[in-house]
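**Q** What follows is final.pdb, made up of PDB, C-alpha atoms:
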```pdb
MODEL        1
ATOM      1  CA  MET A 255      -9.279   4.410  -4.695  1.00  0.00           C
ATOM      2  CA  ALA A 256      -7.575   7.291  -6.515  1.00  0.00           C
ATOM      3  CA  LEU A 257      -5.137   4.944  -8.236  1.00  0.00           C
ATOM      4  CA  LYS A 258      -7.966   2.594  -9.210  1.00  0.00           C
ATOM      5  CA  TYR A 259      -9.925   5.536 -10.637  1.00  0.00           C
ATOM      6  CA  ILE A 260      -6.902   6.592 -12.716  1.00  0.00           C
ATOM      7  CA  TYR A 261      -6.484   3.017 -13.949  1.00  0.00           C
ATOM      8  CA  ASP A 262     -10.159   2.802 -14.934  1.00  0.00           C
ATOM      9  CA  ASN A 263     -10.383   6.224 -16.596  1.00  0.00           C
ATOM     10  CA  HIS A 264      -6.955   7.549 -17.568  1.00  0.00           C
ATOM     11  CA  LEU A 265      -4.570   4.630 -18.039  1.00  0.00           C
ATOM     12  CA  ASP A 266      -3.889   5.435 -21.695  1.00  0.00           C
ATOM     13  CA  ASP A 267      -3.480   9.159 -21.125  1.00  0.00           C
ATOM     14  CA  ALA A 268       0.137   8.965 -19.923  1.00  0.00           C
ATOM     15  CA  ASP A 269       3.167   6.714 -19.450  1.00  0.00           C
ATOM     16  CA  TRP A 270       3.826   7.862 -15.854  1.00  0.00           C
ATOM     17  CA  PHE A 271       1.532   8.914 -13.017  1.00  0.00           C
ATOM     18  CA  LEU A 272       2.554  11.300 -10.249  1.00  0.00           C
ATOM     19  CA  LYS A 273       1.038  11.566  -6.780  1.00  0.00           C
ATOM     20  CA  ALA A 274       1.958  14.647  -4.721  1.00  0.00           C
ATOM     21  CA  ASP A 275       0.507  16.532  -1.772  1.00  0.00           C
ATOM     22  CA  ASP A 276      -0.918  20.018  -2.234  1.00  0.00           C
ATOM     23  CA  ASP A 277       2.113  21.439  -0.398  1.00  0.00           C
ATOM     24  CA  THR A 278       4.631  19.661  -2.642  1.00  0.00           C
ATOM     25  CA  TYR A 279       6.458  21.731  -5.252  1.00  0.00           C
ATOM     26  CA  VAL A 280       7.415  19.675  -8.320  1.00  0.00           C
ATOM     27  CA  ILE A 281       9.866  20.742 -11.008  1.00  0.00           C
ATOM     28  CA  MET A 282       8.260  18.978 -13.944  1.00  0.00           C
ATOM     29  CA  GLU A 283      11.137  19.548 -16.375  1.00  0.00           C
ATOM     30  CA  ASN A 284      13.510  17.650 -14.088  1.00  0.00           C
ATOM     31  CA  LEU A 285      10.951  14.886 -13.594  1.00  0.00           C
ATOM     32  CA  ARG A 286      10.636  14.425 -17.358  1.00  0.00           C
ATOM     33  CA  TYR A 287      14.417  14.443 -17.755  1.00  0.00           C
ATOM     34  CA  PHE A 288      14.817  11.766 -15.068  1.00  0.00           C
ATOM     35  CA  LEU A 289      12.064   9.489 -16.386  1.00  0.00           C
ATOM     36  CA  HIS A 290      13.380   9.543 -19.962  1.00  0.00           C
ATOM     37  CA  GLN A 291      15.835   6.741 -19.191  1.00  0.00           C
ATOM     38  CA  TYR A 292      13.150   4.310 -17.969  1.00  0.00           C
ATOM     39  CA  SER A 293      10.527   2.404 -19.899  1.00  0.00           C
ATOM     40  CA  PRO A 294       6.937   2.754 -18.639  1.00  0.00           C
ATOM     41  CA  ASP A 295       6.592  -0.969 -19.343  1.00  0.00           C
ATOM     42  CA  ILE A 296       8.823  -1.751 -16.350  1.00  0.00           C
ATOM     43  CA  PRO A 297       6.891  -2.154 -13.052  1.00  0.00           C
ATOM     44  CA  ILE A 298       8.693   0.525 -11.031  1.00  0.00           C
ATOM     45  CA  TYR A 299       8.018   3.611  -8.958  1.00  0.00           C
ATOM     46  CA  PHE A 300      10.256   6.417  -7.732  1.00  0.00           C
ATOM     47  CA  GLY A 301      10.391   8.997  -4.962  1.00  0.00           C
ATOM     48  CA  CYS A 302      12.299   9.687  -1.768  1.00  0.00           C
ATOM     49  CA  LYS A 303      12.929   6.132  -0.600  1.00  0.00           C
ATOM     50  CA  PHE A 304      12.703   5.427   3.132  1.00  0.00           C
ATOM     51  CA  ASN A 305      14.422   2.467   4.771  1.00  0.00           C
ATOM     52  CA  ARG A 306      11.777   1.498   7.353  1.00  0.00           C
ATOM     53  CA  TYR A 307       9.347  -1.441   7.597  1.00  0.00           C
ATOM     54  CA  ILE A 308       9.755  -2.809   4.054  1.00  0.00           C
ATOM     55  CA  ARG A 309      12.740  -4.724   2.680  1.00  0.00           C
ATOM     56  CA  GLN A 310      13.050  -2.782  -0.565  1.00  0.00           C
ATOM     57  CA  GLY A 311      12.010   0.493   1.073  1.00  0.00           C
ATOM     58  CA  TYR A 312       9.030   2.686   0.253  1.00  0.00           C
ATOM     59  CA  MET A 313       8.474   6.168  -1.150  1.00  0.00           C
ATOM     60  CA  SER A 314       7.663   9.203   0.967  1.00  0.00           C
ATOM     61  CA  GLY A 315       4.153  10.406   0.213  1.00  0.00           C
ATOM     62  CA  GLY A 316       5.096  13.983   1.009  1.00  0.00           C
ATOM     63  CA  ALA A 317       7.961  14.201  -1.468  1.00  0.00           C
ATOM     64  CA  GLY A 318       5.655  12.707  -4.091  1.00  0.00           C
ATOM     65  CA  TYR A 319       6.062   9.465  -5.989  1.00  0.00           C
ATOM     66  CA  VAL A 320       5.748   8.630  -9.649  1.00  0.00           C
ATOM     67  CA  MET A 321       4.807   5.199 -10.953  1.00  0.00           C
ATOM     68  CA  SER A 322       5.093   3.698 -14.400  1.00  0.00           C
ATOM     69  CA  LYS A 323       2.055   2.703 -16.401  1.00  0.00           C
ATOM     70  CA  ARG A 324       2.932  -0.957 -15.788  1.00  0.00           C
ATOM     71  CA  ALA A 325       3.221  -0.375 -12.042  1.00  0.00           C
ATOM     72  CA  LEU A 326      -0.236   1.202 -11.989  1.00  0.00           C
ATOM     73  CA  GLU A 327      -1.639  -1.720 -13.981  1.00  0.00           C
ATOM     74  CA  LYS A 328      -0.155  -4.254 -11.560  1.00  0.00           C
ATOM     75  CA  PHE A 329      -1.445  -2.347  -8.540  1.00  0.00           C
ATOM     76  CA  ALA A 330      -4.979  -2.117  -9.934  1.00  0.00           C
ATOM     77  CA  THR A 331      -5.176  -5.734 -11.131  1.00  0.00           C
ATOM     78  CA  GLU A 332      -3.063  -7.596  -8.553  1.00  0.00           C
ATOM     79  CA  ALA A 333      -3.186  -5.569  -5.325  1.00  0.00           C
ATOM     80  CA  TYR A 334      -6.353  -3.484  -5.253  1.00  0.00           C
ATOM     81  CA  ASP A 335      -9.058  -5.390  -3.352  1.00  0.00           C
ATOM     82  CA  ASN A 336      -6.612  -8.278  -2.819  1.00  0.00           C
ATOM     83  CA  SER A 337      -6.256  -8.722   0.941  1.00  0.00           C
ATOM     84  CA  ARG A 338      -3.526 -11.342   0.520  1.00  0.00           C
ATOM     85  CA  ARG A 339      -1.139  -9.072  -1.362  1.00  0.00           C
ATOM     86  CA  CYS A 340      -2.377  -5.714  -0.103  1.00  0.00           C
ATOM     87  CA  LYS A 341      -3.474  -6.393   3.458  1.00  0.00           C
ATOM     88  CA  TYR A 342      -4.436  -3.257   5.355  1.00  0.00           C
ATOM     89  CA  MET A 343      -1.691  -2.787   7.958  1.00  0.00           C
ATOM     90  CA  THR A 344      -1.227   0.944   8.592  1.00  0.00           C
ATOM     91  CA  ILE A 345      -2.989   4.288   8.259  1.00  0.00           C
ATOM     92  CA  ALA A 346       0.116   5.736   6.563  1.00  0.00           C
ATOM     93  CA  GLU A 347      -0.773   5.852   2.869  1.00  0.00           C
ATOM     94  CA  ASP A 348       2.807   5.814   1.595  1.00  0.00           C
ATOM     95  CA  GLN A 349       3.898   2.917   3.810  1.00  0.00           C
ATOM     96  CA  GLN A 350       0.781   0.926   2.952  1.00  0.00           C
ATOM     97  CA  LEU A 351       1.364   1.432  -0.769  1.00  0.00           C
ATOM     98  CA  GLY A 352       4.975   0.313  -0.295  1.00  0.00           C
ATOM     99  CA  ILE A 353       3.793  -2.961   1.247  1.00  0.00           C
ATOM    100  CA  CYS A 354       1.410  -3.579  -1.644  1.00  0.00           C
ATOM    101  CA  MET A 355       4.022  -2.721  -4.266  1.00  0.00           C
ATOM    102  CA  GLU A 356       6.639  -5.031  -2.809  1.00  0.00           C
ATOM    103  CA  ASN A 357       4.149  -7.901  -2.647  1.00  0.00           C
ATOM    104  CA  ILE A 358       3.344  -7.638  -6.353  1.00  0.00           C
ATOM    105  CA  GLY A 359       6.922  -7.202  -7.532  1.00  0.00           C
ATOM    106  CA  VAL A 360       6.877  -3.471  -8.316  1.00  0.00           C
ATOM    107  CA  ILE A 361      10.433  -2.150  -7.925  1.00  0.00           C
ATOM    108  CA  ALA A 362      11.144   0.667  -5.469  1.00  0.00           C
ATOM    109  CA  GLY A 363      13.581   2.454  -7.764  1.00  0.00           C
ATOM    110  CA  ASP A 364      16.644   4.542  -6.975  1.00  0.00           C
ATOM    111  CA  SER A 365      16.025   8.144  -8.038  1.00  0.00           C
ATOM    112  CA  ARG A 366      19.339   9.640  -6.902  1.00  0.00           C
ATOM    113  CA  ASP A 367      21.564  11.355  -9.438  1.00  0.00           C
ATOM    114  CA  GLU A 368      24.974  10.176 -10.635  1.00  0.00           C
ATOM    115  CA  ASN A 369      26.612  11.690  -7.541  1.00  0.00           C
ATOM    116  CA  GLY A 370      24.248   9.969  -5.086  1.00  0.00           C
ATOM    117  CA  LEU A 371      22.269  13.139  -4.347  1.00  0.00           C
ATOM    118  CA  GLU A 372      18.528  12.983  -3.736  1.00  0.00           C
ATOM    119  CA  ARG A 373      16.053  14.311  -6.304  1.00  0.00           C
ATOM    120  CA  PHE A 374      12.835  13.927  -4.283  1.00  0.00           C
ATOM    121  CA  ILE A 375      13.094  15.888  -1.008  1.00  0.00           C
ATOM    122  CA  PRO A 376      10.418  15.425   1.701  1.00  0.00           C
ATOM    123  CA  LEU A 377      11.284  18.789   3.303  1.00  0.00           C
ATOM    124  CA  PRO A 378      11.555  22.473   2.308  1.00  0.00           C
ATOM    125  CA  PRO A 379      14.906  23.673   0.903  1.00  0.00           C
ATOM    126  CA  ASP A 380      15.822  25.613   4.051  1.00  0.00           C
ATOM    127  CA  TYR A 381      15.457  22.426   6.142  1.00  0.00           C
ATOM    128  CA  VAL A 382      18.142  20.578   4.198  1.00  0.00           C
ATOM    129  CA  LEU A 383      20.443  23.322   2.917  1.00  0.00           C
ATOM    130  CA  PRO A 384      23.251  23.936   3.608  1.00  0.00           C
ATOM    131  CA  VAL A 385      22.916  20.857   5.882  1.00  0.00           C
ATOM    132  CA  SER A 386      19.938  18.926   7.183  1.00  0.00           C
ATOM    133  CA  ASN A 387      18.559  20.335  10.422  1.00  0.00           C
ATOM    134  CA  THR A 388      16.158  17.470  11.067  1.00  0.00           C
ATOM    135  CA  GLU A 389      17.224  14.230  12.735  1.00  0.00           C
ATOM    136  CA  TRP A 390      14.605  11.951  11.232  1.00  0.00           C
ATOM    137  CA  TYR A 391      15.360  12.629   7.555  1.00  0.00           C
ATOM    138  CA  THR A 392      18.944  11.394   7.563  1.00  0.00           C
ATOM    139  CA  LYS A 393      17.877   8.352   9.608  1.00  0.00           C
ATOM    140  CA  TRP A 394      14.952   7.428   7.404  1.00  0.00           C
ATOM    141  CA  VAL A 395      16.350   8.022   3.930  1.00  0.00           C
ATOM    142  CA  TYR A 396      17.242   4.695   2.306  1.00  0.00           C
ATOM    143  CA  HIS A 397      20.722   5.642   1.154  1.00  0.00           C
ATOM    144  CA  GLU A 398      22.827   7.237   3.866  1.00  0.00           C
ATOM    145  CA  PRO A 399      23.839  10.747   2.765  1.00  0.00           C
ATOM    146  CA  GLU A 400      27.538  11.280   2.204  1.00  0.00           C
ATOM    147  CA  LYS A 401      29.137  13.400   4.913  1.00  0.00           C
ATOM    148  CA  ASN A 402      30.067  16.982   4.042  1.00  0.00           C
ATOM    149  CA  VAL A 403      28.020  16.819   0.847  1.00  0.00           C
ATOM    150  CA  SER A 404      25.028  19.030   0.137  1.00  0.00           C
ATOM    151  CA  CYS A 405      21.752  17.186   0.310  1.00  0.00           C
ATOM    152  CA  CYS A 406      20.110  17.891  -2.992  1.00  0.00           C
ATOM    153  CA  SER A 407      20.715  17.127  -6.625  1.00  0.00           C
ATOM    154  CA  PRO A 408      21.112  20.066  -9.035  1.00  0.00           C
ATOM    155  CA  LEU A 409      18.311  18.261 -10.879  1.00  0.00           C
ATOM    156  CA  ALA A 410      16.046  18.004  -7.833  1.00  0.00           C
ATOM    157  CA  ILE A 411      12.441  17.118  -8.636  1.00  0.00           C
ATOM    158  CA  SER A 412      10.389  17.955  -5.542  1.00  0.00           C
ATOM    159  CA  PHE A 413      10.277  19.638  -2.141  1.00  0.00           C
ATOM    160  CA  HIS A 414       7.623  19.134   0.548  1.00  0.00           C
ATOM    161  CA  TYR A 415       5.994  21.356   3.194  1.00  0.00           C
ATOM    162  CA  ILE A 416       6.100  24.388   0.895  1.00  0.00           C
ATOM    163  CA  SER A 417       3.970  27.301   2.066  1.00  0.00           C
ATOM    164  CA  PRO A 418       1.604  29.018  -0.409  1.00  0.00           C
ATOM    165  CA  ASP A 419       3.817  32.122  -0.598  1.00  0.00           C
ATOM    166  CA  ASP A 420       6.934  30.038  -1.153  1.00  0.00           C
ATOM    167  CA  PHE A 421       5.361  28.484  -4.243  1.00  0.00           C
ATOM    168  CA  TYR A 422       5.618  31.930  -5.818  1.00  0.00           C
ATOM    169  CA  VAL A 423       9.179  32.379  -4.526  1.00  0.00           C
ATOM    170  CA  LEU A 424      10.323  29.077  -6.028  1.00  0.00           C
ATOM    171  CA  GLU A 425       8.528  29.851  -9.276  1.00  0.00           C
ATOM    172  CA  TYR A 426      10.357  33.178  -9.519  1.00  0.00           C
ATOM    173  CA  LEU A 427      13.781  31.739  -8.660  1.00  0.00           C
ATOM    174  CA  LEU A 428      13.432  28.885 -11.142  1.00  0.00           C
ATOM    175  CA  TYR A 429      11.645  30.437 -14.099  1.00  0.00           C
ATOM    176  CA  THR A 430      12.042  34.230 -13.953  1.00  0.00           C
ATOM    177  CA  LEU A 431      15.328  35.112 -12.278  1.00  0.00           C
ATOM    178  CA  LYS A 432      18.330  34.972 -14.623  1.00  0.00           C
ATOM    179  CA  ALA A 433      22.001  35.019 -13.657  1.00  0.00           C
ATOM    180  CA  PHE A 434      23.925  36.681 -16.446  1.00  0.00           C
ATOM    181  CA  GLY A 435      26.524  34.405 -18.031  1.00  0.00           C
ATOM    182  CA  VAL A 436      25.356  31.216 -16.316  1.00  0.00           C
ATOM    183  CA  VAL A 437      24.614  28.483 -18.860  1.00  0.00           C
ATOM    184  CA  ASP A 438      23.454  24.884 -18.381  1.00  0.00           C
ATOM    185  CA  ASN A 439      25.883  22.716 -20.358  1.00  0.00           C
ATOM    186  CA  ARG A 440      23.680  19.634 -20.190  1.00  0.00           C
ATOM    187  CA  LYS A 441      22.923  18.886 -23.863  1.00  0.00           C
ATOM    188  CA  SER A 442      21.700  15.292 -23.952  1.00  0.00           C
ATOM    189  CA  LEU A 443      19.160  13.105 -22.230  1.00  0.00           C
ATOM    190  CA  PRO A 444      20.332  10.268 -19.947  1.00  0.00           C
ATOM    191  CA  PRO A 445      20.818   6.802 -21.510  1.00  0.00           C
ATOM    192  CA  LYS A 446      18.088   4.196 -21.224  1.00  0.00           C
ATOM    193  CA  GLN A 447      18.328   1.808 -18.259  1.00  0.00           C
ATOM    194  CA  ASN A 448      17.863  -1.950 -18.533  1.00  0.00           C
ATOM    195  CA  ILE A 449      16.147  -4.084 -15.918  1.00  0.00           C
ATOM    196  CA  SER A 450      19.341  -5.519 -14.393  1.00  0.00           C
ATOM    197  CA  HIS A 451      20.715  -2.038 -13.705  1.00  0.00           C
ATOM    198  CA  ILE A 452      17.415  -1.018 -12.117  1.00  0.00           C
ATOM    199  CA  TYR A 453      17.325  -3.981  -9.734  1.00  0.00           C
ATOM    200  CA  ALA A 454      20.966  -3.496  -8.762  1.00  0.00           C
ATOM    201  CA  ALA A 455      20.401   0.168  -7.970  1.00  0.00           C
ATOM    202  CA  ALA A 456      17.082  -0.313  -6.176  1.00  0.00           C
ATOM    203  CA  ILE A 457      18.088  -3.084  -3.757  1.00  0.00           C
ATOM    204  CA  PRO A 458      21.886  -3.287  -3.354  1.00  0.00           C
ATOM    205  CA  ASP A 459      23.234  -6.709  -2.309  1.00  0.00           C
ATOM    206  CA  ALA A 460      19.775  -8.285  -2.389  1.00  0.00           C
ATOM    207  CA  LEU A 461      17.971 -10.555  -4.819  1.00  0.00           C
ATOM    208  CA  PRO A 462      15.105  -8.850  -6.686  1.00  0.00           C
ATOM    209  CA  LEU A 463      11.472  -9.703  -5.971  1.00  0.00           C
ATOM    210  CA  ILE A 464      10.550 -11.376  -9.238  1.00  0.00           C
ATOM    211  CA  THR A 465       7.312 -12.782  -7.823  1.00  0.00           C
ATOM    212  CA  PRO A 466       5.322 -11.804  -4.725  1.00  0.00           C
ATOM    213  CA  PRO A 467       6.175 -13.725  -1.537  1.00  0.00           C
ATOM    214  CA  THR A 468       3.932 -16.635  -0.608  1.00  0.00           C
ATOM    215  CA  VAL A 469       1.360 -15.638   1.988  1.00  0.00           C
ATOM    216  CA  GLY A 470       2.119 -17.202   5.331  1.00  0.00           C
ATOM    217  CA  SER A 471       5.729 -18.031   4.479  1.00  0.00           C
ATOM    218  CA  ASN A 472       8.588 -17.354   6.870  1.00  0.00           C
ATOM    219  CA  GLY A 473      10.754 -15.786   4.172  1.00  0.00           C
TER
ENDMDL
END
```
For the file at hand, write its structure as structure tokens.
**A**
Amino acid sequence: MALKYIYDNHLDDADWFLKADDDTYVIMENLRYFLHQYSPDIPIYFGCKFNRYIRQGYMSGGAGYVMSKRALEKFATEAYDNSRRCKYMTIAEDQQLGICMENIGVIAGDSRDENGLERFIPLPPDYVLPVSNTEWYTKWVYHEPEKNVSCCSPLAISFHYISPDDFYVLEYLLYTLKAFGVVDNRKSLPPKQNISHIYAAAIPDALPLITPPTVGSNG
């Protein structure tokens, strides 16, 4: 209902639409940097992709997910109130949305950085750094983390399960604290991605879902 409301009332207000829990901390500058390379006309959404239940994976609700304007349009016009393509199957909002998105051909995109590190993190920083101390995260994340490599991208976008006080801590560490002599050498935005690169990254070794599967098929 929230997505349908946004479609009806705010579709032309933005190119991308972000859903996040009230205990999710989002670094908006890094989100904007990441999205620059993608056209909002491509039906795609990003987040921390899980590998359960759905062939192309689905995005963790807790880490937050961001969908393109075209993805929102397709959801509102092709999935919302369409029991064939968006059949109610679970009480888990993020999993249910993933089912609907796959059935209408919205791509579950790959949001990792160039080193394969995750940008959307469904846990607090101290749960995944220096190494993950939860069993389920490394089992559920779509792309298996590389061994002996820190979990999170230097351009991480979100963390989940953040306490109210820790919002202020993160705000201070990111926007107030300065380390003398430390300079970010990143001077340019990432290059634009074309649709073939997006499909290849989103679903390795699998054919893309160009059209929704036929209801009742065995495929």
**Q** Which residues, written as a PyMOL selection string, have at least one atom at most 7 Å from region 331-341 of chain A, with all atoms listed in the file counted and residues fewer than 6 positions away on the same chain left out?
**A** chain A and resi 353-354+357-358+469
**Q** Residues of region 282-359 of chain A that have any atom at most 6 Å from an atom of region 262-272 of chain A: could you tabulate them with the shortest-distance atom pair and the distance in Å to one decimal, using all atoms listed in the file, ordered by chain and increasing number, as a Markdown table?
**A**
```
| residue | atom | partner | partner_atom | distance |
| --- | --- | --- | --- | --- |
| A:Pro294 | CA | A:Asp269 | CA | 5.5 |
| A:Tyr319 | CA | A:Leu272 | CA | 5.8 |
| A:Val320 | CA | A:Leu272 | CA | 4.2 |
| A:Met321 | CA | A:Phe271 | CA | 5.4 |
| A:Ser322 | CA | A:Trp270 | CA | 4.6 |
| A:Lys323 | CA | A:Asp269 | CA | 5.2 |
```
**Q** Let's have the selection written as a PDB file, in the coordinates of the input, with C-alpha atoms.
**A**
```pdb
ATOM      1  CA  PRO A 294       6.937   2.754 -18.639  1.00  0.00           C
ATOM      2  CA  TYR A 319       6.062   9.465  -5.989  1.00  0.00           C
ATOM      3  CA  VAL A 320       5.748   8.630  -9.649  1.00  0.00           C
ATOM      4  CA  MET A 321       4.807   5.199 -10.953  1.00  0.00           C
ATOM      5  CA  SER A 322       5.093   3.698 -14.400  1.00  0.00           C
ATOM      6  CA  LYS A 323       2.055   2.703 -16.401  1.00  0.00           C
TER       7      LYS A 323
END
```
**Q** Hey, could you make a per-residue contact list for region 346-447 of chain A against region 302-317 of chain A with 10 Å as the cut-off, showing the nearest pair of atoms and its distance in Å to one decimal, counting all atoms listed in the file, sorted by chain and number, as a tab-separated table?
**A**
```
residue	atom	partner	partner_atom	distance
A:Ala346	CA	A:Gly315	CA	8.9
A:Glu347	CA	A:Gly315	CA	7.2
A:Asp348	CA	A:Gly315	CA	5.0
A:Gln349	CA	A:Tyr312	CA	6.2
A:Gln350	CA	A:Tyr312	CA	8.9
A:Leu351	CA	A:Tyr312	CA	7.8
A:Gly352	CA	A:Tyr312	CA	4.7
A:Ile353	CA	A:Ile308	CA	6.6
A:Met355	CA	A:Tyr312	CA	8.6
A:Glu356	CA	A:Gln310	CA	7.2
A:Val360	CA	A:Gln310	CA	9.9
A:Ile361	CA	A:Gln310	CA	7.8
A:Ala362	CA	A:Gln310	CA	6.3
A:Gly363	CA	A:Lys303	CA	8.1
A:Asp364	CA	A:Lys303	CA	7.5
A:Ser365	CA	A:Cys302	CA	7.5
A:Arg366	CA	A:Cys302	CA	8.7
A:Glu372	CA	A:Cys302	CA	7.3
A:Arg373	CA	A:Cys302	CA	7.5
A:Phe374	CA	A:Cys302	CA	5.0
A:Ile375	CA	A:Ala317	CA	5.4
A:Pro376	CA	A:Ala317	CA	4.2
A:Leu377	CA	A:Ala317	CA	7.4
A:Pro378	CA	A:Ala317	CA	9.8
A:Tyr391	CA	A:Phe304	CA	8.9
A:Thr392	CA	A:Phe304	CA	9.7
A:Lys393	CA	A:Asn305	CA	8.4
A:Trp394	CA	A:Phe304	CA	5.2
A:Val395	CA	A:Phe304	CA	4.5
A:Tyr396	CA	A:Asn305	CA	4.4
A:His397	CA	A:Asn305	CA	7.9
A:Glu398	CA	A:Asn305	CA	9.7
A:Ile411	CA	A:Ala317	CA	8.9
A:Ser412	CA	A:Ala317	CA	6.0
A:Phe413	CA	A:Ala317	CA	5.9
A:His414	CA	A:Ala317	CA	5.3
A:Tyr415	CA	A:Gly316	CA	7.7
```
**Q** Considering all atoms listed in the file, can you say which of A:Glu389, A:Glu327, A:Asp380, A:Asp367 comes closest to Lys258 (chain A)?
**A** A:Glu327
**Q** Output the residue selection produced by the PyMOL selection byres ((chain A and resi 296) around 8) on the file above, formatted as a ChimeraX atom specification.
**A** /A:292-295,297-298,322,324-325,449
**Q** So what do you get for CA of Ile416 (chain A) versus CA of Tyr279 (chain A), distance-wise?
**A**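 Atom-to-atom, CA of Ile416 (chain A) to CA of Tyr279 (chain A), that is 6.7 Å.
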**Q** Rank A:Gly318, A:Gly370, A:Pro445, A:Gly359 by their smallest atom-to-atom distance to Phe288 (chain A), using all atoms listed in the file, and report the top residue only.
**A** A:Pro445
